[in-house]
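As provided, my_file-v1.tsv (TSV, C-alpha atoms) reads as follows.
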```tsv
chain	number	residue	atom	x	y	z
A	266	MET	CA	-27.49	8.76	19.65
A	267	ARG	CA	-25.81	11.37	21.83
A	268	VAL	CA	-23.56	14.22	20.82
A	269	LYS	CA	-20.97	15.85	23.06
A	270	ARG	CA	-18.36	18.58	22.73
A	271	PHE	CA	-14.87	18.00	24.17
A	272	VAL	CA	-12.36	20.78	24.76
A	273	SER	CA	-8.73	19.99	25.48
A	274	LYS	CA	-5.18	21.31	25.13
A	275	ASN	CA	-4.34	19.02	22.19
A	276	ILE	CA	-6.02	16.57	19.85
A	277	GLN	CA	-4.40	13.51	21.46
A	278	GLU	CA	-5.85	14.36	24.87
A	279	ALA	CA	-9.26	15.12	23.36
A	280	MET	CA	-9.28	11.82	21.45
A	281	MET	CA	-8.42	9.94	24.62
A	282	GLN	CA	-11.35	11.61	26.42
A	283	ILE	CA	-13.69	10.69	23.58
A	284	LYS	CA	-12.51	7.10	23.52
A	285	ASN	CA	-12.77	6.69	27.32
A	286	GLU	CA	-16.21	8.32	27.60
A	287	MET	CA	-17.96	7.43	24.36
A	288	GLY	CA	-16.09	4.33	23.19
A	289	SER	CA	-14.05	3.53	20.10
A	290	ASP	CA	-17.14	3.51	17.85
A	291	ALA	CA	-17.73	7.25	18.35
A	292	VAL	CA	-17.50	9.43	15.26
A	293	ILE	CA	-16.10	12.94	14.86
A	294	LEU	CA	-18.64	15.53	13.73
A	295	HIS	CA	-16.54	18.69	13.91
A	296	THR	CA	-13.06	19.85	14.94
A	297	ARG	CA	-12.13	23.45	15.79
A	298	TYR	CA	-8.90	25.04	17.05
A	299	PHE	CA	-8.98	28.26	19.08
A	300	LYS	CA	-7.04	30.37	21.60
A	301	GLU	CA	-8.30	31.47	25.01
A	302	GLY	CA	-7.16	33.12	28.23
A	303	GLY	CA	-4.14	35.33	28.65
A	304	VAL	CA	-3.84	38.92	29.77
A	305	LEU	CA	-4.68	41.88	27.54
A	306	GLY	CA	-4.74	39.60	24.56
A	307	LEU	CA	-1.30	38.16	25.28
A	308	PHE	CA	-0.17	34.66	26.34
A	309	LYS	CA	-3.31	32.97	25.04
A	310	LYS	CA	-3.31	29.18	25.21
A	311	ASP	CA	-4.17	26.85	22.32
A	312	TYR	CA	-7.20	24.58	22.62
A	313	VAL	CA	-8.94	22.10	20.37
A	314	GLU	CA	-12.69	21.50	20.40
A	315	ILE	CA	-14.03	18.22	19.02
A	316	THR	CA	-17.71	17.40	18.68
A	317	ALA	CA	-18.27	13.63	18.73
A	318	ALA	CA	-21.30	11.35	18.51
A	319	ALA	CA	-21.98	7.81	19.67
A	320	GLU	CA	-24.94	5.49	19.84
A	321	ASN	CA	-26.53	4.90	23.25
A	322	VAL	CA	-25.88	1.17	23.64
A	323	GLN	CA	-25.66	0.97	27.43
A	324	HIS	CA	-27.76	2.93	29.91
A	325	ASN	CA	-27.23	3.28	33.63
A	326	THR	CA	-29.94	2.70	36.23
A	327	LYS	CA	-30.74	6.38	36.65
A	328	HIS	CA	-31.13	6.79	32.89
A	329	ARG	CA	-33.49	3.81	32.72
A	330	ALA	CA	-35.55	5.29	35.53
A	331	ASP	CA	-35.72	8.61	33.70
A	332	ASN	CA	-36.87	6.79	30.58
A	333	THR	CA	-39.63	5.09	32.59
A	334	LYS	CA	-40.87	8.44	33.78
A	335	LEU	CA	-40.73	9.88	30.31
A	336	SER	CA	-42.73	6.99	28.90
A	337	THR	CA	-45.72	7.98	31.05
A	338	THR	CA	-45.83	11.47	29.60
A	339	PRO	CA	-47.25	12.39	26.19
A	340	LYS	CA	-44.67	12.27	23.36
A	341	THR	CA	-43.81	15.42	21.50
A	342	SER	CA	-41.91	16.06	18.30
A	343	ALA	CA	-38.98	17.56	20.19
A	344	SER	CA	-35.89	15.39	20.72
A	345	PRO	CA	-35.02	14.55	24.35
A	346	VAL	CA	-32.25	16.80	25.64
A	347	THR	CA	-29.84	16.28	28.55
A	348	MET	CA	-26.99	18.41	29.87
A	349	GLU	CA	-23.40	17.18	30.08
A	350	GLU	CA	-20.86	18.35	32.66
A	351	PRO	CA	-18.85	21.48	31.74
A	352	VAL	CA	-15.42	20.90	30.19
A	353	HIS	CA	-12.48	22.99	31.41
A	354	GLY	CA	-14.83	25.49	33.03
A	355	ARG	CA	-16.73	26.23	29.84
A	356	SER	CA	-20.49	26.29	29.45
A	357	PRO	CA	-22.45	23.00	29.86
A	358	GLN	CA	-22.63	20.81	26.79
A	359	VAL	CA	-25.91	19.82	25.19
A	360	THR	CA	-26.63	16.20	24.27
A	361	THR	CA	-29.50	15.62	21.84
A	362	ALA	CA	-31.04	12.57	20.22
A	363	LEU	CA	-30.35	12.79	16.49
A	364	ASP	CA	-32.92	12.19	13.85
A	365	PRO	CA	-32.48	8.72	12.26
A	366	GLY	CA	-31.87	10.42	8.94
A	367	HIS	CA	-28.50	11.63	10.22
A	368	LEU	CA	-27.22	8.10	10.78
A	369	ASP	CA	-26.16	7.68	7.15
A	370	ASP	CA	-23.98	10.78	7.40
A	371	LEU	CA	-22.44	9.51	10.62
A	372	LYS	CA	-21.51	6.20	9.03
A	373	ASP	CA	-19.41	8.08	6.48
A	374	MET	CA	-17.53	9.70	9.35
A	375	LYS	CA	-16.61	6.43	11.07
A	376	THR	CA	-13.64	5.93	8.77
A	377	LEU	CA	-12.20	9.27	9.87
A	378	MET	CA	-12.77	8.37	13.52
A	379	SER	CA	-11.08	5.01	13.01
A	380	GLU	CA	-8.04	6.66	11.43
A	381	MET	CA	-7.77	9.26	14.20
A	382	SER	CA	-8.17	6.55	16.82
A	383	PHE	CA	-5.38	4.57	15.19
A	384	MET	CA	-3.15	7.67	15.20
A	385	LEU	CA	-3.88	8.23	18.88
A	386	GLU	CA	-3.14	4.62	19.80
A	387	ASN	CA	0.10	4.66	17.81
A	388	ASN	CA	1.24	7.96	19.31
A	389	THR	CA	0.41	6.70	22.79
A	390	PHE	CA	2.17	3.41	22.15
A	391	LEU	CA	5.17	5.15	20.60
A	392	SER	CA	5.51	7.36	23.68
A	393	ARG	CA	5.84	4.18	25.76
A	394	TYR	CA	8.65	2.78	23.60
A	395	PRO	CA	12.03	2.59	25.28
A	396	GLN	CA	14.76	4.48	23.46
A	397	ILE	CA	15.78	1.39	21.49
A	398	GLY	CA	12.23	1.13	20.14
A	399	LYS	CA	12.12	4.80	19.20
A	400	ASN	CA	15.41	4.39	17.34
A	401	LEU	CA	14.08	1.35	15.47
A	402	TYR	CA	10.89	3.17	14.55
A	403	ALA	CA	12.85	6.18	13.29
A	404	ARG	CA	15.07	3.92	11.15
A	405	LEU	CA	12.09	2.21	9.56
A	406	ARG	CA	10.25	5.45	8.90
A	407	LYS	CA	13.39	6.99	7.40
A	408	GLN	CA	13.30	4.18	4.86
A	409	GLU	CA	9.69	5.27	4.10
A	410	ILE	CA	8.06	2.19	5.62
A	411	GLU	CA	4.42	2.92	6.47
A	412	GLU	CA	3.49	3.87	10.04
A	413	LYS	CA	1.24	0.84	10.60
A	414	ILE	CA	3.84	-1.58	9.29
A	415	ALA	CA	6.70	0.09	11.20
A	416	ASN	CA	4.75	0.08	14.47
A	417	LYS	CA	3.89	-3.59	14.10
A	418	ILE	CA	7.52	-4.52	13.43
A	419	VAL	CA	8.82	-2.48	16.38
A	420	LYS	CA	6.17	-3.81	18.75
A	421	SER	CA	6.92	-7.44	17.86
A	422	THR	CA	10.66	-6.82	18.04
A	423	LEU	CA	10.50	-5.24	21.49
A	424	GLN	CA	8.28	-8.02	22.82
A	425	GLN	CA	10.75	-10.65	21.63
A	426	LEU	CA	13.79	-8.73	22.84
A	427	SER	CA	12.30	-8.60	26.34
A	428	LEU	CA	12.69	-12.38	26.47
A	429	GLN	CA	16.36	-12.33	25.40
A	430	THR	CA	19.29	-12.53	27.82
A	431	ASN	CA	21.36	-10.10	25.74
A	432	PRO	CA	18.79	-8.04	23.82
A	433	SER	CA	21.33	-5.65	22.28
A	434	GLU	CA	23.18	-8.57	20.70
A	435	GLN	CA	19.96	-10.11	19.39
A	436	LEU	CA	18.49	-6.86	18.03
A	437	ASN	CA	19.37	-7.26	14.35
A	438	SER	CA	18.41	-10.94	14.12
A	439	VAL	CA	15.04	-10.36	15.83
A	440	LEU	CA	14.33	-7.28	13.70
A	441	TYR	CA	15.34	-9.19	10.57
A	442	ALA	CA	12.94	-12.05	11.39
A	443	ASN	CA	10.04	-9.67	12.02
A	444	MET	CA	10.64	-7.83	8.75
A	445	ILE	CA	10.68	-11.10	6.80
A	446	LYS	CA	7.50	-12.41	8.41
A	447	PRO	CA	4.83	-10.38	6.51
A	448	LEU	CA	6.41	-10.89	3.07
A	449	LYS	CA	5.00	-13.35	0.56
A	450	LYS	CA	7.16	-15.96	-1.11
A	451	SER	CA	8.68	-14.78	-4.39
A	452	SER	CA	7.10	-15.97	-7.61
A	453	PRO	CA	9.51	-16.29	-10.56
A	454	ILE	CA	8.76	-18.00	-13.87
A	455	ILE	CA	8.92	-21.77	-13.60
A	456	TYR	CA	8.67	-23.29	-17.04
A	457	ASN	CA	6.89	-26.63	-17.33
A	458	HIS	CA	6.59	-28.09	-20.80
A	459	THR	CA	2.93	-28.74	-21.65
A	460	ARG	CA	1.71	-31.93	-23.29
A	461	LEU	CA	0.02	-29.88	-25.98
A	462	LYS	CA	3.37	-28.28	-26.81
A	463	LYS	CA	1.71	-24.90	-26.60
A	464	PRO	CA	4.14	-22.04	-25.91
A	465	LYS	CA	3.99	-20.19	-22.62
A	466	ILE	CA	3.29	-16.52	-23.23
A	467	TYR	CA	4.46	-13.83	-20.81
A	468	ALA	CA	3.54	-10.17	-21.31
A	469	LEU	CA	5.28	-7.26	-19.62
A	470	ILE	CA	3.24	-4.10	-19.09
A	471	GLY	CA	3.78	-0.86	-17.23
A	472	PRO	CA	4.28	2.90	-17.52
A	473	THR	CA	6.93	4.53	-19.70
A	474	GLY	CA	10.56	4.51	-18.70
A	475	VAL	CA	10.50	1.61	-16.22
A	476	GLY	CA	12.73	-0.66	-18.32
A	477	LYS	CA	10.36	-3.23	-19.79
A	478	THR	CA	12.41	-3.82	-22.96
A	479	THR	CA	15.67	-4.31	-21.06
A	480	THR	CA	13.92	-6.63	-18.60
A	481	ILE	CA	12.53	-8.74	-21.44
A	482	ALA	CA	16.04	-8.98	-22.89
A	483	LYS	CA	17.33	-10.27	-19.54
A	484	LEU	CA	14.52	-12.83	-19.25
A	485	ALA	CA	15.05	-13.95	-22.83
A	486	ALA	CA	18.77	-14.44	-22.19
A	487	MET	CA	18.08	-16.30	-18.98
A	488	PHE	CA	15.73	-18.81	-20.58
A	489	SER	CA	17.40	-19.18	-23.97
A	490	ILE	CA	21.03	-19.43	-22.78
A	491	VAL	CA	20.80	-20.71	-19.20
A	492	GLU	CA	17.60	-22.76	-19.41
A	493	GLN	CA	18.14	-23.79	-23.06
A	494	LYS	CA	14.53	-23.03	-24.03
A	495	LYS	CA	13.30	-22.02	-27.46
A	496	VAL	CA	12.46	-18.34	-26.87
A	497	SER	CA	10.74	-15.88	-29.19
A	498	LEU	CA	10.22	-12.14	-28.77
A	499	VAL	CA	7.27	-10.01	-29.86
A	500	THR	CA	6.98	-6.25	-29.52
A	501	ILE	CA	3.94	-4.05	-29.95
A	502	ASP	CA	5.95	-1.00	-28.83
A	503	THR	CA	5.99	0.60	-32.25
A	504	TYR	CA	5.83	4.10	-30.78
A	505	ARG	CA	9.55	4.14	-30.00
A	506	ILE	CA	11.92	3.23	-32.84
A	507	ALA	CA	14.75	2.86	-30.34
A	508	ALA	CA	12.84	0.18	-28.43
A	509	VAL	CA	12.29	-1.89	-31.57
A	510	GLU	CA	15.92	-1.55	-32.64
A	511	GLN	CA	17.11	-2.46	-29.13
A	512	LEU	CA	15.03	-5.61	-29.09
A	513	LYS	CA	16.16	-6.59	-32.60
A	514	THR	CA	19.82	-6.16	-31.61
A	515	ILE	CA	19.35	-8.29	-28.50
A	516	ALA	CA	17.45	-10.94	-30.46
A	517	GLU	CA	20.28	-11.14	-32.97
A	518	ILE	CA	22.88	-11.59	-30.20
A	519	LEU	CA	20.78	-14.27	-28.51
A	520	ASN	CA	19.89	-15.87	-31.84
A	521	VAL	CA	16.16	-15.77	-31.10
A	522	PRO	CA	13.39	-14.59	-33.47
A	523	VAL	CA	11.74	-11.22	-32.93
A	524	HIS	CA	8.49	-10.01	-34.48
A	525	VAL	CA	7.13	-6.47	-34.59
A	526	VAL	CA	3.33	-6.23	-34.54
A	527	TYR	CA	1.62	-3.07	-35.77
A	528	SER	CA	-2.07	-4.01	-35.50
A	529	TYR	CA	-4.55	-6.30	-33.77
A	530	ASN	CA	-4.97	-8.37	-36.95
A	531	GLN	CA	-1.25	-9.10	-37.18
A	532	MET	CA	-1.09	-10.44	-33.64
A	533	ASN	CA	-2.96	-13.70	-34.27
A	534	ASP	CA	-0.84	-14.46	-37.35
A	535	CYS	CA	2.33	-13.72	-35.39
A	536	LEU	CA	1.40	-16.09	-32.54
A	537	LEU	CA	0.54	-18.85	-35.00
A	538	GLU	CA	3.92	-18.42	-36.67
A	539	LEU	CA	5.67	-18.78	-33.29
A	540	ALA	CA	3.65	-21.81	-32.16
A	541	ALA	CA	6.75	-24.02	-32.03
A	542	SER	CA	8.37	-21.84	-29.35
A	543	ASP	CA	8.67	-22.86	-25.72
A	544	ILE	CA	8.33	-19.31	-24.42
A	545	ILE	CA	7.13	-16.09	-26.02
A	546	PHE	CA	7.86	-12.78	-24.32
A	547	ILE	CA	5.63	-9.84	-25.28
A	548	ASP	CA	7.05	-6.33	-25.00
A	549	THR	CA	4.39	-3.62	-24.78
A	550	ALA	CA	4.51	0.15	-25.12
A	551	GLY	CA	4.67	2.21	-21.96
A	552	ARG	CA	1.21	3.42	-21.01
A	553	SER	CA	0.32	6.16	-18.55
A	554	HIS	CA	-2.14	4.97	-15.91
A	555	LYS	CA	-3.98	8.27	-16.46
A	556	ASN	CA	-4.51	7.77	-20.20
A	557	THR	CA	-7.66	5.64	-20.52
A	558	GLN	CA	-7.46	5.48	-24.31
A	559	GLN	CA	-3.95	4.03	-24.29
A	560	LEU	CA	-4.88	1.54	-21.57
A	561	GLU	CA	-7.90	0.43	-23.59
A	562	GLU	CA	-5.67	-0.21	-26.60
A	563	LEU	CA	-3.31	-2.27	-24.44
A	564	LYS	CA	-6.25	-4.18	-22.98
A	565	ASN	CA	-7.44	-5.07	-26.50
A	566	TYR	CA	-4.00	-6.44	-27.40
A	567	LEU	CA	-3.86	-8.53	-24.22
A	568	GLU	CA	-7.29	-10.01	-24.93
A	569	ILE	CA	-6.01	-11.21	-28.30
A	570	ILE	CA	-2.69	-12.48	-26.89
A	571	ASN	CA	-4.30	-14.14	-23.86
A	572	PRO	CA	-0.95	-14.45	-22.01
A	573	ASP	CA	-0.35	-17.14	-19.41
A	574	GLU	CA	1.11	-14.48	-17.09
A	575	THR	CA	1.08	-10.69	-17.15
A	576	PHE	CA	3.88	-8.91	-15.28
A	577	LEU	CA	3.50	-5.31	-14.17
A	578	VAL	CA	6.91	-3.63	-14.28
A	579	LEU	CA	7.58	-0.75	-11.87
A	580	ALA	CA	10.73	1.28	-11.20
A	581	ALA	CA	12.04	1.32	-7.64
A	582	THR	CA	12.74	5.02	-8.17
A	583	GLY	CA	9.03	5.84	-8.53
A	584	LYS	CA	6.96	7.65	-5.92
A	585	TYR	CA	5.12	5.31	-3.55
A	586	GLN	CA	1.67	6.87	-4.02
A	587	ASP	CA	2.11	6.82	-7.80
A	588	MET	CA	3.01	3.12	-7.68
A	589	LEU	CA	-0.09	2.36	-5.61
A	590	GLU	CA	-2.23	4.21	-8.14
A	591	ILE	CA	-0.55	2.46	-11.07
A	592	ILE	CA	-1.13	-0.97	-9.50
A	593	GLU	CA	-4.79	-0.14	-8.91
A	594	VAL	CA	-5.41	1.08	-12.47
A	595	TYR	CA	-3.43	-1.71	-14.14
A	596	SER	CA	-5.21	-4.35	-12.05
A	597	GLU	CA	-7.94	-4.28	-14.73
A	598	LEU	CA	-5.41	-5.91	-17.06
A	599	ASN	CA	-5.21	-9.13	-15.02
A	600	ILE	CA	-1.83	-8.63	-13.40
A	601	SER	CA	-0.18	-11.86	-12.27
A	602	ARG	CA	3.06	-10.68	-10.64
A	603	LEU	CA	5.25	-7.61	-10.10
A	604	ILE	CA	8.77	-6.84	-11.35
A	605	PHE	CA	10.78	-3.99	-9.81
A	606	THR	CA	13.58	-2.42	-11.84
A	607	LYS	CA	16.32	0.14	-11.14
A	608	LEU	CA	17.06	-1.00	-7.59
A	609	ASP	CA	20.58	0.32	-8.15
A	610	GLU	CA	19.24	3.84	-8.62
A	611	THR	CA	17.67	4.32	-5.19
A	612	SER	CA	18.62	4.11	-1.52
A	613	TYR	CA	15.04	3.93	-0.24
A	614	TYR	CA	13.46	0.48	-0.40
A	615	GLY	CA	10.60	1.13	2.03
A	616	PRO	CA	8.02	1.70	-0.75
A	617	LEU	CA	8.90	-1.70	-2.27
A	618	TYR	CA	8.60	-3.27	1.15
A	619	ASN	CA	5.20	-1.64	1.72
A	620	ILE	CA	3.91	-2.93	-1.61
A	621	ALA	CA	5.31	-6.41	-0.90
A	622	CYS	CA	3.40	-6.40	2.40
A	623	ARG	CA	0.17	-4.89	1.09
A	624	SER	CA	-0.25	-6.03	-2.51
A	625	LYS	CA	-2.10	-9.18	-3.48
A	626	TYR	CA	0.39	-9.63	-6.33
A	627	PRO	CA	3.62	-11.49	-5.51
A	628	LEU	CA	7.01	-10.06	-6.38
A	629	SER	CA	8.74	-11.90	-9.19
A	630	TYR	CA	12.07	-10.28	-10.17
A	631	PHE	CA	14.40	-7.43	-9.23
A	632	THR	CA	16.71	-5.77	-11.74
A	633	ASP	CA	19.62	-3.55	-10.72
A	634	GLY	CA	21.55	-2.52	-13.83
A	635	GLN	CA	21.82	-2.66	-17.62
A	636	ASN	CA	23.97	-5.79	-17.97
A	637	ILE	CA	22.28	-8.68	-19.77
A	638	PRO	CA	21.56	-11.21	-18.36
A	639	ASP	CA	23.48	-10.58	-15.12
A	640	ASP	CA	21.51	-7.72	-13.57
A	641	ILE	CA	18.32	-9.62	-12.80
A	642	GLU	CA	17.46	-11.90	-9.91
A	643	ILE	CA	14.49	-13.53	-8.26
A	644	ALA	CA	12.72	-11.07	-5.94
A	645	ASP	CA	13.65	-12.94	-2.80
A	646	PRO	CA	12.12	-11.38	0.38
A	647	VAL	CA	15.48	-11.96	2.08
A	648	LYS	CA	17.17	-9.75	-0.53
A	649	LEU	CA	14.65	-6.95	0.04
A	650	VAL	CA	15.10	-7.01	3.82
A	651	GLN	CA	18.87	-7.12	3.42
A	652	LEU	CA	18.73	-3.99	1.27
A	653	LEU	CA	16.56	-2.25	3.85
A	654	MET	CA	18.78	-3.18	6.80
A	655	LYS	CA	21.92	-2.23	4.91
A	656	GLU	CA	20.56	1.26	4.26
A	657	GLN	CA	19.30	1.53	7.85
A	658	GLN	CA	22.78	0.83	9.20
A	659	LYS	CA	24.19	3.62	7.07
A	660	SER	CA	21.77	6.13	8.62
```

Translate the structure of the given file into structure tokens.
Amino acid sequence: MRVKRFVSKNIQEAMMQIKNEMGSDAVILHTRYFKEGGVLGLFKKDYVEITAAAENVQHNTKHRADNTKLSTTPKTSASPVTMEEPVHGRSPQVTTALDPGHLDDLKDMKTLMSEMSFMLENNTFLSRYPQIGKNLYARLRKQEIEEKIANKIVKSTLQQLSLQTNPSEQLNSVLYANMIKPLKKSSPIIYNHTRLKKPKIYALIGPTGVGKTTTIAKLAAMFSIVEQKKVSLVTIDTYRIAAVEQLKTIAEILNVPVHVVYSYNQMNDCLLELAASDIIFIDTAGRSHKNTQQLEELKNYLEIINPDETFLVLAATGKYQDMLEIIEVYSELNISRLIFTKLDETSYYGPLYNIACRSKYPLSYFTDGQNIPDDIEIADPVKLVQLLMKEQQKS
């Protein structure tokens, strides 16, 4: 293992030096910013100093010869030391062999090095984009699409445009195709009647205020009126009187039964009573992903219900990082698919696109209003990309 200090005018230049000299597996040990030079304390220039480490995998002939000489001399407890060339006129750098015990600490730093290396490569690649590529990248980032995803889309688009006779005319179609490519196929409910005549049970879970009750009403209307299925509704959201009353009103309009469950014991009796149904939709109370007690209660209900599918409902207006955290915490509840609501209340669809690209859970439905059952549709990837491109063209 050798350690070396690099001094440069900016972090990008320093990272390039590290990568060229020590390889992409090098790890960052320390980073320091300082000023130097100038006259009478004025006009000092900014520098960055990065200390990096890398394993000695390859050795040159001279180094092997030095090792041969060293092997003939008695070993001491001191680590072998060599001197590196000065950087930017500063004092020579010292390279030492690290104790094996430090290797564990260095492994923890590899993630940081990998991320910084990725940033350097992206910045370098972005600087080589023609203006059309920079404009595309800016449009995608303005829609809050992640850097990695945006770079991949732009890179593929530019490569394909270079093969086109009239690239400016083909821009939107090529971009559209590359944005569709990483998205999974949508996964709506497809009802298949079972031989055992056992009802299909679908539970909707999620944080407060995302529109679970309204979404259940839309699904119930879709399958009872359009699909002509025997639908029943169950709610365990007894914390909000308005939610219960809303579901009862909707059930009365749709002419479907609705049951309110107040305890674990009542749930089994309720499901037995609704055994003749084709589909049972379960409405749950909103639960904060930070409240472990509430999530445990919801988990206990779901274990009793044993739904065929569990849909996590998220609002398109939510913060991206919050949605990622919610998905991670709720994953313990055996999520099957995702539903995004309130698409009509935002102009930024990048977070949805990021989740559609990254999440292992397929998108199922989009909702974009309060009208029942009109304002719900299958979460078609084409629809999502169309929304993104429409907003991009406005900007």

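Between atom CA of A:Val578 and atom CA of A:Lys655 lies a distance of 24.4 Å.
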
Close residues, A:Asp645 itself excluded, 12 Å, all atoms listed in the file, min 5 positions apart in chain, as an mmCIF file with C-alpha atoms, in the coordinates of the input:
```cif
data_model
loop_
_atom_site.group_PDB
_atom_site.id
_atom_site.type_symbol
_atom_site.label_atom_id
_atom_site.label_comp_id
_atom_site.auth_asym_id
_atom_site.auth_seq_id
_atom_site.Cartn_x
_atom_site.Cartn_y
_atom_site.Cartn_z
ATOM 1 C CA ILE A 445 10.680 -11.100 6.800
ATOM 2 C CA LEU A 448 6.410 -10.890 3.070
ATOM 3 C CA LYS A 449 5.000 -13.350 0.560
ATOM 4 C CA LYS A 450 7.160 -15.960 -1.110
ATOM 5 C CA SER A 451 8.680 -14.780 -4.390
ATOM 6 C CA SER A 452 7.100 -15.970 -7.610
ATOM 7 C CA PRO A 453 9.510 -16.290 -10.560
ATOM 8 C CA ILE A 604 8.770 -6.840 -11.350
ATOM 9 C CA PHE A 605 10.780 -3.990 -9.810
ATOM 10 C CA TYR A 618 8.600 -3.270 1.150
ATOM 11 C CA ALA A 621 5.310 -6.410 -0.900
ATOM 12 C CA PRO A 627 3.620 -11.490 -5.510
ATOM 13 C CA LEU A 628 7.010 -10.060 -6.380
ATOM 14 C CA SER A 629 8.740 -11.900 -9.190
ATOM 15 C CA TYR A 630 12.070 -10.280 -10.170
ATOM 16 C CA PHE A 631 14.400 -7.430 -9.230
ATOM 17 C CA THR A 632 16.710 -5.770 -11.740
ATOM 18 C CA VAL A 650 15.100 -7.010 3.820
ATOM 19 C CA GLN A 651 18.870 -7.120 3.420
ATOM 20 C CA LEU A 652 18.730 -3.990 1.270
#
```

Q: In the coordinates of the file, take the point (1.6, -14.7, -21.2) and a cut-off of 9 Å; then, counting all atoms listed in the file, name each qualifying protein, DNA or RNA residue as a list in words.
A: Lys465, Ile466, Tyr467, Ala468, Leu469, Ile544, Ile545, Phe546, Ile547, Leu567, Ile570, Asn571, Pro572, Asp573, Glu574, Thr575 and Phe576 of chain A

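Taking all atoms listed in the file into account, A:Tyr595 lies nearest to A:Ile470 out of the set A:Tyr566, A:Ile470, A:Lys648, A:Glu510.
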
Q. Taking (6.7, -1.1, -30.7) in the file's coordinates, which residues come within 9 Å, counting only C-alpha atoms, written as a PyMOL selection string?
A. chain A and resi 499-509+525-527+548-550

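For the choices A:Phe488, A:Ala317, A:Leu440, A:Thr557, the atom-to-atom distance to A:Lys417 is smallest for A:Leu440 when using all atoms listed in the file.
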
Q) atom CA of A:Ala486 and atom CA of A:Asp543 are how many Å apart? A) 13.6 Å

**Q.** Pairwise distance for atom CA of A:Val496 and atom CA of A:Glu642, rounded to one decimal in Å
**A.** 18.8 Å

Q) Which neighbours of A:Ile569 fall inside 12 Å, counting all atoms listed in the file, when residues of the same chain fewer than 6 positions from it are skipped, and could you give them as number ranges by chain? A) A: 466, 468, 528-536, 562-563

Q | A:Val419 environment, 10 Å, only C-alpha atoms, sequence neighbours closer than 3 positions dropped, as a list in words | A |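 Residues meeting the cut-off are Leu391, Tyr394, Ile397, Gly398, Lys399, Asn400, Leu401, Tyr402, Leu405, Ile414, Ala415, Asn416, Thr422, Leu423, Gln424, Gln425, Leu440, Asn443 and Met444 of chain A.
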
Q) Between A:Ala485, A:Met654, A:Val268, A:Ile276, which is the closest to A:Ala442 once you count only C-alpha atoms? A)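 Ranking A:Ala485, A:Met654, A:Val268, A:Ile276 by distance to A:Ala442, first place goes to A:Met654.
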